[in-house]
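Since the structure comes first, as structure tokens, the remarks are kept for the end.
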Amino acid sequence: MSDLLELGLDTFGDVTADEHGDPVPAPEVLRQVVEQAVRADEVGLAFIGLGEHHRADFAITAPDVVLATIAGRTEHIHLGSAVTVLSSDDPIRVYERFATLDALSNGRAEVILGRGSFIESFGLFGFDLGDYEVLFDEKLDLFAHLLEEKPVTWSGTIRPPLTDQPVYPPTESGRLRAWIGVGGTPASVERAVRYRIPMMLAIIGGPPLQFVPYADYYRRRLEEEGVAPLPVGMHSPGYVAETDEQAREELHDHWLAQRNQIGRERGWPPATRNDFAQAAGPDGPLYVGSPETVARKIARNAAALGVSRFDLKYANGAMRHEQLLRCIELYGSRVAPLVHDMMT
């Protein structure tokens with residue numbers, strides 16, 4: 001494991017706007033995501049993760065299909081989900097899709113497994129929300145067996161048992177790179193320890209430093225179990241522009257609109273300009289500003305949490321494609337070198 005912090009990107013394929021402020025059709029958004037990933041590869045970023053959602057404001061419902069397209073257009077960047085909603089999917093099919101992606105990309109595939117922050121997929125695919133806990137627990141248990149790349153013998157309550165069942169294709173490395181997405185509970189950390197899977201912290205609300213105890217607890221529990229250290233990563237929203245003022249001005253209205261749309265669905269009180277200012281401030285979860293400002297915040301929090309990768313969710317609401325491309329350019333060409341200088 002390299003001591004150099006990896007810098008990656010995440011997107012949910014937020015439906016963008018054109019120059020007139022009108023929504024861009026989802027098929028065009030998907031093509032834009034491919035172009036954004038190509039730009040990320042060109043500027044030397046380590047990872048691009050695509051989220052899975054099944055709703056009108058996000059275009060990506062099948063991340064692995066989009067990632068396969070990206071694989072054919074890129075050379076170096078790692079390709080993954082952010083996250084795969086394992087509870088409403090089939091673990092064997094997930095494994096087969098990402099093992100196939102790994103082959104097509106010459107070993108660049110990753111999968112981040114999680115519950116997701118939206119529940120639309122449960123009803124869409126015929127799952128009962130009342131089974132929320134058992135679905136994730138049992139499917140993760142099965143997926144952990146699949147990572148061993150040996151014939152699988154497994155039984156549970158959610159599907160018929162398996163006996164010495166081979167699963168194809170095998171990866172060339174012998175193990176698909178996988179993470180468990182963790183929102184910040186001790187039980188989630190314990191789950192990552194139990195399965196010996198790297199942990200990706202989703203830090204989208206509250207001060208990032210409040211997650212330090214979870215990262216420390218993960219490392220301490222691995223040591224207690226006699227397991228060699230495993231990577232810890234973090235994912236947070238943000239946006240980079242030439243200056244702090246430009247970045248905040250371009251992001252503010254989109255962040256507020258998206259936050260309040262989701263808030264209305266979940267019964268949250270309306271967010272205000274002050275909420276945005278706090279989130280974008282030095283102690284908030286939003287990495288917005290000039291390359292220098294964003295780099296300082298990443299370096300500070302990445303060092304405090306001891307992470308080996310930081311993924312920036314660069315798409316936040318209906319921002320224009322051209323703005324997102326410029327954000328990616330600045331993040332790769334200016335933020336990444338600054339972060340590495342600050343952390344060495």
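In the structure tokens, the first chain shown is A, the next is B, and so on; residue numbers restart at 1 for each chain, and ligands run from 1 in the order shown.
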Counting only C-alpha atoms, which residues of range 213-294 of chain A sit at most 12 Å from some atom of range 108-130 of chain A, and what is each one's closest atom pair with its distance in Å to one decimal, listed by chain and rising residue number, as a Markdown table?
| residue | atom | partner | partner_atom | distance |
| --- | --- | --- | --- | --- |
| A:Gly233 | CA | A:Ile112 | CA | 10.8 |
| A:Met234 | CA | A:Ile112 | CA | 11.7 |
| A:His235 | CA | A:Ile112 | CA | 11.2 |
| A:Ile262 | CA | A:Phe118 | CA | 9.7 |
| A:Glu265 | CA | A:Phe118 | CA | 10.4 |
| A:Arg266 | CA | A:Phe118 | CA | 10.2 |
Report as number ranges by chain all protein, DNA and RNA residues lying within 12 Å of Arg248 in chain A, evaluated on only C-alpha atoms, omitting residues in the same chain fewer than 5 positions from it. A: 238-243, 253-256, 273, 276-281, 286-290, 293-294
Which is closer to Ala336 in chain A than all the others in A:Val152, A:Gly80, A:Gly51, A:Leu45, using only C-alpha atoms? A:Leu45
Run DSSP on the backbone of this structure and report the residues of range 3-57 of chain A it assigns to helix (DSSP H, G or I), as a ChimeraX atom specification. /A:26-42
Separation of CA of Asn106 in chain A from CA of Asp311 in chain A in Å: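 Between CA of Asp311 in chain A and CA of Asn106 in chain A the gap is 21.7 Å.
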